[in-house]
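Visitor: File input_24.pdb below, PDB, C-alpha atoms:
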```pdb
ATOM      1  CA  MET C 674      28.815   2.872 -14.303
ATOM      2  CA  HIS C 675      25.902   2.279 -11.926
ATOM      3  CA  MET C 676      23.015   4.687 -12.548
ATOM      4  CA  LYS C 677      21.213   5.934  -9.452
ATOM      5  CA  ARG C 678      17.623   4.825  -9.362
ATOM      6  CA  ARG C 679      14.872   7.327  -8.623
ATOM      7  CA  SER C 680      12.248   6.679  -5.986
ATOM      8  CA  ILE C 681       8.918   8.254  -5.097
ATOM      9  CA  ALA C 682       7.323   7.408  -1.748
ATOM     10  CA  ILE C 683       3.560   7.788  -1.365
ATOM     11  CA  ASP C 684       2.147   7.393   2.132
ATOM     12  CA  GLY C 685      -1.295   7.985   3.524
ATOM     13  CA  PRO C 686      -4.329   6.448   5.176
ATOM     14  CA  SER C 687      -6.512   3.669   3.799
ATOM     15  CA  GLY C 688      -8.741   4.672   0.895
ATOM     16  CA  ALA C 689      -6.851   7.826  -0.061
ATOM     17  CA  GLY C 690      -6.286   6.465  -3.570
ATOM     18  CA  LYS C 691      -2.605   5.601  -3.176
ATOM     19  CA  SER C 692      -2.631   2.380  -5.183
ATOM     20  CA  THR C 693      -4.826   3.607  -8.023
ATOM     21  CA  LEU C 694      -2.888   6.839  -8.491
ATOM     22  CA  ALA C 695       0.530   5.232  -8.025
ATOM     23  CA  LYS C 696      -0.258   2.680 -10.768
ATOM     24  CA  GLN C 697      -1.263   5.409 -13.191
ATOM     25  CA  LEU C 698       1.709   7.602 -12.346
ATOM     26  CA  ALA C 699       4.139   4.703 -12.718
ATOM     27  CA  ALA C 700       2.711   3.874 -16.136
ATOM     28  CA  GLU C 701       2.947   7.522 -17.198
ATOM     29  CA  LEU C 702       6.549   7.920 -16.001
ATOM     30  CA  GLY C 703       7.914   4.467 -16.871
ATOM     31  CA  PHE C 704       8.577   3.589 -13.219
ATOM     32  CA  HIS C 705       7.910   0.287 -11.475
ATOM     33  CA  TYR C 706       4.895   0.451  -9.182
ATOM     34  CA  VAL C 707       5.393  -1.311  -5.842
ATOM     35  CA  ASP C 708       2.232  -1.899  -3.829
ATOM     36  CA  THR C 709       3.649  -2.662  -0.386
ATOM     37  CA  GLY C 710       0.160  -3.131   1.015
ATOM     38  CA  ALA C 711      -0.275  -6.114  -1.297
ATOM     39  CA  ILE C 712       2.830  -7.713   0.220
ATOM     40  CA  TYR C 713       1.426  -7.339   3.736
ATOM     41  CA  ARG C 714      -1.946  -8.587   2.520
ATOM     42  CA  THR C 715      -0.234 -11.740   1.291
ATOM     43  CA  VAL C 716       1.162 -12.413   4.752
ATOM     44  CA  ALA C 717      -2.320 -11.826   6.209
ATOM     45  CA  LEU C 718      -3.807 -14.272   3.694
ATOM     46  CA  ALA C 719      -1.235 -16.898   4.638
ATOM     47  CA  ALA C 720      -2.019 -16.443   8.332
ATOM     48  CA  CYS C 721      -5.749 -16.765   7.708
ATOM     49  CA  ARG C 722      -5.330 -19.878   5.596
ATOM     50  CA  ASN C 723      -3.285 -21.425   8.377
ATOM     51  CA  GLY C 724      -5.931 -20.627  10.965
ATOM     52  CA  ILE C 725      -3.691 -18.157  12.799
ATOM     53  CA  ASP C 726      -5.124 -15.226  14.717
ATOM     54  CA  CYS C 727      -3.643 -12.160  13.039
ATOM     55  CA  GLY C 728      -3.347 -10.522  16.437
ATOM     56  CA  ASP C 729      -1.064 -13.305  17.672
ATOM     57  CA  GLY C 730       2.314 -11.828  16.804
ATOM     58  CA  ALA C 731       4.305 -14.839  17.969
ATOM     59  CA  ALA C 732       2.254 -17.267  15.862
ATOM     60  CA  VAL C 733       2.465 -15.076  12.750
ATOM     61  CA  ALA C 734       6.231 -14.617  13.234
ATOM     62  CA  LYS C 735       6.666 -18.386  13.476
ATOM     63  CA  LEU C 736       4.932 -18.754  10.108
ATOM     64  CA  LEU C 737       7.225 -16.321   8.232
ATOM     65  CA  PRO C 738      10.315 -18.506   7.539
ATOM     66  CA  ASP C 739       8.194 -21.038   5.667
ATOM     67  CA  LEU C 740       6.423 -18.525   3.450
ATOM     68  CA  GLU C 741       7.346 -18.215  -0.195
ATOM     69  CA  ILE C 742       6.171 -14.743  -1.184
ATOM     70  CA  THR C 743       7.151 -13.396  -4.577
ATOM     71  CA  LEU C 744       5.977 -10.667  -6.895
ATOM     72  CA  ASN C 745       6.375  -9.965 -10.550
ATOM     73  CA  TYR C 746       4.909  -7.726 -13.183
ATOM     74  CA  GLY C 747       2.408  -9.334 -15.535
ATOM     75  CA  LYS C 748       1.582  -8.521 -19.131
ATOM     76  CA  ASP C 749      -0.806  -5.896 -17.784
ATOM     77  CA  GLY C 750       2.225  -4.110 -16.324
ATOM     78  CA  PHE C 751       0.941  -4.400 -12.785
ATOM     79  CA  GLN C 752       2.269  -6.160  -9.730
ATOM     80  CA  HIS C 753       1.063  -9.702  -9.140
ATOM     81  CA  MET C 754       1.494 -11.394  -5.776
ATOM     82  CA  TYR C 755       2.311 -15.080  -5.389
ATOM     83  CA  LEU C 756       2.009 -17.192  -2.257
ATOM     84  CA  ASP C 757       3.745 -20.563  -2.508
ATOM     85  CA  GLY C 758       3.537 -20.317  -6.294
ATOM     86  CA  GLU C 759      -0.173 -19.391  -6.388
ATOM     87  CA  ASP C 760      -1.250 -16.066  -7.880
ATOM     88  CA  VAL C 761      -3.202 -14.502  -5.005
ATOM     89  CA  THR C 762      -3.537 -11.012  -6.504
ATOM     90  CA  GLU C 763      -7.335 -11.210  -6.340
ATOM     91  CA  ALA C 764      -7.616 -13.285  -3.154
ATOM     92  CA  ILE C 765      -5.780 -10.684  -1.048
ATOM     93  CA  ARG C 766      -8.380  -8.030  -1.941
ATOM     94  CA  GLN C 767     -11.193  -9.713  -0.026
ATOM     95  CA  GLU C 768     -12.686  -7.480   2.678
ATOM     96  CA  GLU C 769     -11.810 -10.052   5.359
ATOM     97  CA  ILE C 770      -8.135  -9.815   4.401
ATOM     98  CA  SER C 771      -8.299  -6.011   4.383
ATOM     99  CA  VAL C 772      -9.381  -6.076   8.027
ATOM    100  CA  TYR C 773      -6.632  -8.530   9.008
ATOM    101  CA  THR C 774      -3.857  -6.734   7.165
ATOM    102  CA  SER C 775      -3.486  -3.711   9.445
ATOM    103  CA  ARG C 776      -3.153  -6.085  12.419
ATOM    104  CA  VAL C 777      -0.492  -8.143  10.654
ATOM    105  CA  ALA C 778       1.354  -4.986   9.574
ATOM    106  CA  ALA C 779       1.678  -3.920  13.221
ATOM    107  CA  ILE C 780       3.749  -7.002  14.064
ATOM    108  CA  PRO C 781       7.475  -6.022  14.243
ATOM    109  CA  ALA C 782       8.683  -9.389  12.917
ATOM    110  CA  VAL C 783       6.536  -9.004   9.802
ATOM    111  CA  ARG C 784       7.811  -5.493   9.058
ATOM    112  CA  GLU C 785      11.417  -6.618   9.501
ATOM    113  CA  PHE C 786      10.804  -9.669   7.315
ATOM    114  CA  LEU C 787       9.518  -7.539   4.421
ATOM    115  CA  LEU C 788      11.720  -4.432   4.773
ATOM    116  CA  GLU C 789      14.675  -5.666   2.716
ATOM    117  CA  THR C 790      12.358  -6.958  -0.024
ATOM    118  CA  GLN C 791      10.989  -3.448  -0.493
ATOM    119  CA  ARG C 792      14.383  -1.740  -0.392
ATOM    120  CA  ARG C 793      15.851  -4.192  -2.884
ATOM    121  CA  LEU C 794      13.167  -3.290  -5.419
ATOM    122  CA  ALA C 795      14.087   0.392  -5.040
ATOM    123  CA  ARG C 796      17.758  -0.402  -5.658
ATOM    124  CA  GLN C 797      16.941  -2.340  -8.810
ATOM    125  CA  HIS C 798      14.337  -0.093 -10.432
ATOM    126  CA  ASP C 799      12.956   3.427 -10.623
ATOM    127  CA  VAL C 800       9.982   2.984  -8.310
ATOM    128  CA  ILE C 801       6.805   4.554  -7.076
ATOM    129  CA  MET C 802       6.141   2.805  -3.794
ATOM    130  CA  ASP C 803       3.041   3.324  -1.693
ATOM    131  CA  GLY C 804       2.176   2.299   1.841
ATOM    132  CA  ARG C 805       2.058   3.664   5.377
ATOM    133  CA  ASP C 806       5.744   4.120   6.255
ATOM    134  CA  ILE C 807       7.565   4.381   2.930
ATOM    135  CA  GLY C 808       8.900   7.913   3.338
ATOM    136  CA  THR C 809       9.556   7.552   7.064
ATOM    137  CA  VAL C 810      11.050   4.042   7.326
ATOM    138  CA  VAL C 811      11.374   2.053   4.100
ATOM    139  CA  LEU C 812      12.803   4.736   1.800
ATOM    140  CA  PRO C 813      13.772   7.684   4.012
ATOM    141  CA  GLN C 814      16.069   8.952   1.231
ATOM    142  CA  ALA C 815      13.359   8.896  -1.457
ATOM    143  CA  ASP C 816      13.723  11.605  -4.106
ATOM    144  CA  LEU C 817      10.135  12.723  -3.500
ATOM    145  CA  LYS C 818       7.758  11.985  -0.626
ATOM    146  CA  ILE C 819       4.015  12.527  -0.959
ATOM    147  CA  TYR C 820       1.471  12.239   1.844
ATOM    148  CA  LEU C 821      -1.814  11.487   0.126
ATOM    149  CA  THR C 822      -4.961  11.957   2.178
ATOM    150  CA  ALA C 823      -8.701  12.688   2.073
ATOM    151  CA  SER C 824     -11.470  12.981   4.644
ATOM    152  CA  PRO C 825     -12.630   9.721   6.274
ATOM    153  CA  GLU C 826     -16.067  10.191   4.698
ATOM    154  CA  ALA C 827     -14.630  10.559   1.206
ATOM    155  CA  ARG C 828     -12.380   7.537   1.653
ATOM    156  CA  ALA C 829     -15.217   5.411   3.009
ATOM    157  CA  ARG C 830     -17.422   6.359   0.070
ATOM    158  CA  ARG C 831     -14.723   5.314  -2.410
ATOM    159  CA  ARG C 832     -14.200   2.010  -0.610
ATOM    160  CA  TYR C 833     -17.956   1.384  -0.491
ATOM    161  CA  LEU C 834     -18.337   1.916  -4.246
ATOM    162  CA  GLU C 835     -15.339  -0.311  -4.940
ATOM    163  CA  LEU C 836     -16.814  -3.158  -2.892
ATOM    164  CA  ILE C 837     -20.265  -2.747  -4.450
ATOM    165  CA  ALA C 838     -18.670  -2.919  -7.907
ATOM    166  CA  ARG C 839     -17.176  -6.276  -6.908
ATOM    167  CA  GLY C 840     -20.601  -7.571  -5.993
ATOM    168  CA  GLU C 841     -20.067  -7.462  -2.216
ATOM    169  CA  GLN C 842     -22.979  -6.543   0.066
ATOM    170  CA  VAL C 843     -21.758  -3.803   2.393
ATOM    171  CA  ASP C 844     -23.150  -0.921   4.417
ATOM    172  CA  LEU C 845     -21.637   2.553   4.017
ATOM    173  CA  ASP C 846     -21.767   3.329   7.747
ATOM    174  CA  HIS C 847     -19.976   0.055   8.492
ATOM    175  CA  VAL C 848     -17.294   0.860   5.914
ATOM    176  CA  LEU C 849     -16.812   4.311   7.482
ATOM    177  CA  ARG C 850     -16.382   2.776  10.936
ATOM    178  CA  ASP C 851     -13.793   0.370   9.513
ATOM    179  CA  VAL C 852     -11.910   3.256   7.877
ATOM    180  CA  VAL C 853     -11.805   5.263  11.111
ATOM    181  CA  GLU C 854     -10.732   2.209  13.131
ATOM    182  CA  ARG C 855      -8.022   1.308  10.631
ATOM    183  CA  ASP C 856      -6.705   4.890  10.765
ATOM    184  CA  ARG C 857      -6.512   4.608  14.543
ATOM    185  CA  ARG C 858      -4.625   1.315  14.449
ATOM    186  CA  ASP C 859      -2.229   2.497  11.752
ATOM    187  CA  MET C 860      -1.437   5.742  13.535
ATOM    188  CA  GLU C 861      -1.135   4.270  17.033
ATOM    189  CA  ARG C 862       0.847   1.099  16.347
ATOM    190  CA  GLU C 863       4.216   0.957  18.078
ATOM    191  CA  VAL C 864       6.262  -0.001  15.022
ATOM    192  CA  ALA C 865       6.419   2.353  12.004
ATOM    193  CA  PRO C 866       3.113   4.153  12.623
ATOM    194  CA  LEU C 867       1.423   6.054   9.828
ATOM    195  CA  ARG C 868       2.612   9.646   9.875
ATOM    196  CA  GLN C 869       3.593  12.367   7.450
ATOM    197  CA  ALA C 870       7.325  12.554   6.710
ATOM    198  CA  GLU C 871       8.775  15.956   7.611
ATOM    199  CA  ASN C 872       9.674  16.800   4.015
ATOM    200  CA  ALA C 873       6.607  15.275   2.354
ATOM    201  CA  VAL C 874       4.311  17.147  -0.007
ATOM    202  CA  VAL C 875       0.716  16.891   1.269
ATOM    203  CA  VAL C 876      -1.910  16.141  -1.365
ATOM    204  CA  ASP C 877      -5.544  16.163  -0.184
ATOM    205  CA  THR C 878      -7.925  14.592  -2.712
ATOM    206  CA  THR C 879     -11.164  15.308  -0.844
ATOM    207  CA  GLY C 880     -13.529  16.692  -3.459
ATOM    208  CA  LEU C 881     -11.261  15.748  -6.370
ATOM    209  CA  ASP C 882     -12.018  13.054  -8.912
ATOM    210  CA  LEU C 883      -9.412  10.580 -10.111
ATOM    211  CA  LYS C 884      -8.363  12.617 -13.141
ATOM    212  CA  GLU C 885      -7.920  15.797 -11.092
ATOM    213  CA  SER C 886      -5.928  13.934  -8.436
ATOM    214  CA  PHE C 887      -3.692  12.393 -11.076
ATOM    215  CA  ARG C 888      -2.902  15.746 -12.700
ATOM    216  CA  LEU C 889      -2.148  17.332  -9.347
ATOM    217  CA  MET C 890       0.273  14.574  -8.325
ATOM    218  CA  LEU C 891       1.916  14.432 -11.750
ATOM    219  CA  ASN C 892       2.596  18.166 -11.567
ATOM    220  CA  HIS C 893       4.256  17.752  -8.159
ATOM    221  CA  ILE C 894       6.465  14.948  -9.505
ATOM    222  CA  LYS C 895       7.496  16.829 -12.638
ATOM    223  CA  THR C 896       8.288  19.930 -10.601
ATOM    224  CA  CYS C 897      10.423  17.977  -8.141
ATOM    225  CA  LEU C 898      12.129  15.429 -10.372
ATOM    226  CA  GLY C 899      11.888  17.037 -13.781
ATOM    227  CA  ALA C 900      10.372  13.735 -14.932
TER     228      ALA C 900
END
```
I need this file expressed as structure tokens, please.

Guide:
Amino acid sequence: MHMKRRSIAIDGPSGAGKSTLAKQLAAELGFHYVDTGAIYRTVALAACRNGIDCGDGAAVAKLLPDLEITLNYGKDGFQHMYLDGEDVTEAIRQEEISVYTSRVAAIPAVREFLLETQRRLARQHDVIMDGRDIGTVVLPQADLKIYLTASPEARARRRYLELIARGEQVDLDHVLRDVVERDRRDMEREVAPLRQAENAVVVDTTGLDLKESFRLMLNHIKTCLGA
């Protein structure tokens, strides 16, 4: 007898803590964590390496059939991304790729190309999947939908500290401008824009540390799913 898989969709703007919290929650609950942003980042990396302007939808679409993008879960339990057999898990986190990714994600052909990959993972495993359109487009029937957010200033500060910890030289005001601009692009794109699903639980982490945010989200999940 086929057992129905459970799915949790976490959407929200850049820097809200989706990936960090989803990883921890998945580990706590025994779910697979699916970082959909990493999949889009891999496409952006491929476009950059091929010298393609990420705003050129036709050129990026032409590249897709030849891409070999795979993911698996390493010994650390986390998702690793592979591009043509190369582990690019670290390479896709470069700030340059972060900027390109939201442009690539707005291309309809890219979203269509990756949609079935994401849904297949949800059919095969209990998943916590985070992104921009998980509850609205990718998994509209998810058992629980969470819209995770925080103020632009709080999100920029978190991103700034993350980049500094990696040894990158960045300016906080510049990071804030990037956050605000990325929000605008994500919310205004024609295909699958970032928005709160009608039946999503809103979790605002402004002023909360990681531990407090984790406890709050875990309580929502246990209340909803009895996990």

Visitor: Given the PyMOL selection byres ((chain C and resi 867-876) around 7) and the file above, list the residues it selects as a VMD selection string.

Guide: chain C and resid 805 to 806 808 to 809 818 to 822 859 to 860 865 to 866 877 to 878

Visitor: Got time to write the residues from that selection, C-alpha atoms, as a tab-separated table (two decimals), in the coordinates of the input?

Guide:
```tsv
chain	number	residue	atom	x	y	z
C	805	ARG	CA	2.06	3.66	5.38
C	806	ASP	CA	5.74	4.12	6.26
C	808	GLY	CA	8.90	7.91	3.34
C	809	THR	CA	9.56	7.55	7.06
C	818	LYS	CA	7.76	11.98	-0.63
C	819	ILE	CA	4.01	12.53	-0.96
C	820	TYR	CA	1.47	12.24	1.84
C	821	LEU	CA	-1.81	11.49	0.13
C	822	THR	CA	-4.96	11.96	2.18
C	859	ASP	CA	-2.23	2.50	11.75
C	860	MET	CA	-1.44	5.74	13.54
C	865	ALA	CA	6.42	2.35	12.00
C	866	PRO	CA	3.11	4.15	12.62
C	877	ASP	CA	-5.54	16.16	-0.18
C	878	THR	CA	-7.92	14.59	-2.71
```

Visitor: Just how far from CA of Asp684 (chain C) is CA of Ala829 (chain C), in Å to one decimal?

Guide: 17.5 Å

Visitor: Using all atoms listed in the file, which of the listed residues (C:Arg766, C:Met754, C:Asp760, C:Thr774) sits closest to Asp726 (chain C)?

Guide: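 Answer, going by the shortest atom-to-atom distance: C:Thr774.
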
Visitor: List the residues selected by the PyMOL selection byres ((chain C and resi 769) around 12) in the file shown, writing them as a list in words.

Guide: Arg714, Ala717, Leu718, Cys721, Arg722, Cys727, Ala764, Ile765, Arg766, Gln767, Glu768, Ile770, Ser771, Val772, Tyr773, Thr774, Ser775, Arg776, Leu836, Glu841 and Asp851 of chain C

Visitor: Under the rule that all atoms listed in the file are counted, which of C:Ile681, C:Val716, C:Val852, C:Ala782 is the nearest residue to Val800 (chain C)?

Guide: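 Nearest to Val800 (chain C): C:Ile681.
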
Visitor: What does the PyMOL selection byres ((chain C and resi 739) around 12) select in this file, as a ChimeraX atom specification?

Guide: /C:716,719-720,723,733-738,740-742,756-757,786

Visitor: Return the single residue from C:Val811, C:Val783, C:Ile801, C:Leu881 that is closest to Ser692 (chain C), with distances computed using only C-alpha atoms.

Guide: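 Smallest separation from Ser692 (chain C) among the options: C:Ile801.
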
Visitor: Ranking C:Ile837, C:Ala689, C:Met802, C:Leu845 by minimum distance to Gln752 (chain C) and counting all atoms listed in the file, which one comes first?

Guide: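 For Gln752 (chain C), the nearest of the given residues is C:Met802.
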
Visitor: Under the rule that only C-alpha atoms are counted, which of C:Tyr746, C:Tyr706, C:Tyr713, C:Phe887 is the nearest residue to Arg784 (chain C)?

Guide: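 Smallest distance to Arg784 (chain C) is found for C:Tyr713.
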
Visitor: What does the distance between CA of Thr693 (chain C) and CA of Thr896 (chain C) come to in Å, to one decimal place?

Guide: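 Taking CA of Thr693 (chain C) as the start and CA of Thr896 (chain C) as the end point, the length is 21.1 Å.
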
Visitor: Identify, on the basis of all atoms listed in the file, every residue whose closest approach to Leu812 (chain C) does not exceed 8 Å; exclude the query and any residue fewer than 4 positions from it along the same chain; express the result as a list in words.

Guide: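 So, after excluding close chain neighbours, the residues are Ala682, Arg792, Ile807 and Gly808 of chain C.
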
Visitor: Applying 12 Å and only C-alpha atoms, which residues near Gly899 (chain C) remain after dropping the ones on its own chain fewer than 6 positions away? List them as a list in words.

Guide: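 Returned residues: Arg679, Leu702, Asp816, Leu817, Leu891, Asn892 and His893 of chain C.
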
Visitor: Limited to C-alpha atoms, could you put the picked residues into a file as a PDB file, in the coordinates of the input?

Guide:
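selection_5.pdb written:
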```pdb
ATOM      1  CA  ARG C 679      14.872   7.327  -8.623  1.00  0.00           C
ATOM      2  CA  LEU C 702       6.549   7.920 -16.001  1.00  0.00           C
ATOM      3  CA  ASP C 816      13.723  11.605  -4.106  1.00  0.00           C
ATOM      4  CA  LEU C 817      10.135  12.723  -3.500  1.00  0.00           C
ATOM      5  CA  LEU C 891       1.916  14.432 -11.750  1.00  0.00           C
ATOM      6  CA  ASN C 892       2.596  18.166 -11.567  1.00  0.00           C
ATOM      7  CA  HIS C 893       4.256  17.752  -8.159  1.00  0.00           C
TER       8      HIS C 893
END
```

Visitor: Can you pull out the residues contacting Glu863 (chain C)? Cut-off 9 Å, using only C-alpha atoms, and skip same-chain residues under 6 positions away; I want them as a list of chain:residue names.

Guide: C:Ala779, C:Ile780, C:Pro781

Visitor: Looking at only C-alpha atoms, which of C:Leu889, C:Val810, C:Ala695, C:Leu849 is the one that sits closest to Ala827 (chain C)?

Guide: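 Closest to Ala827 (chain C) of all the choices is C:Leu849.
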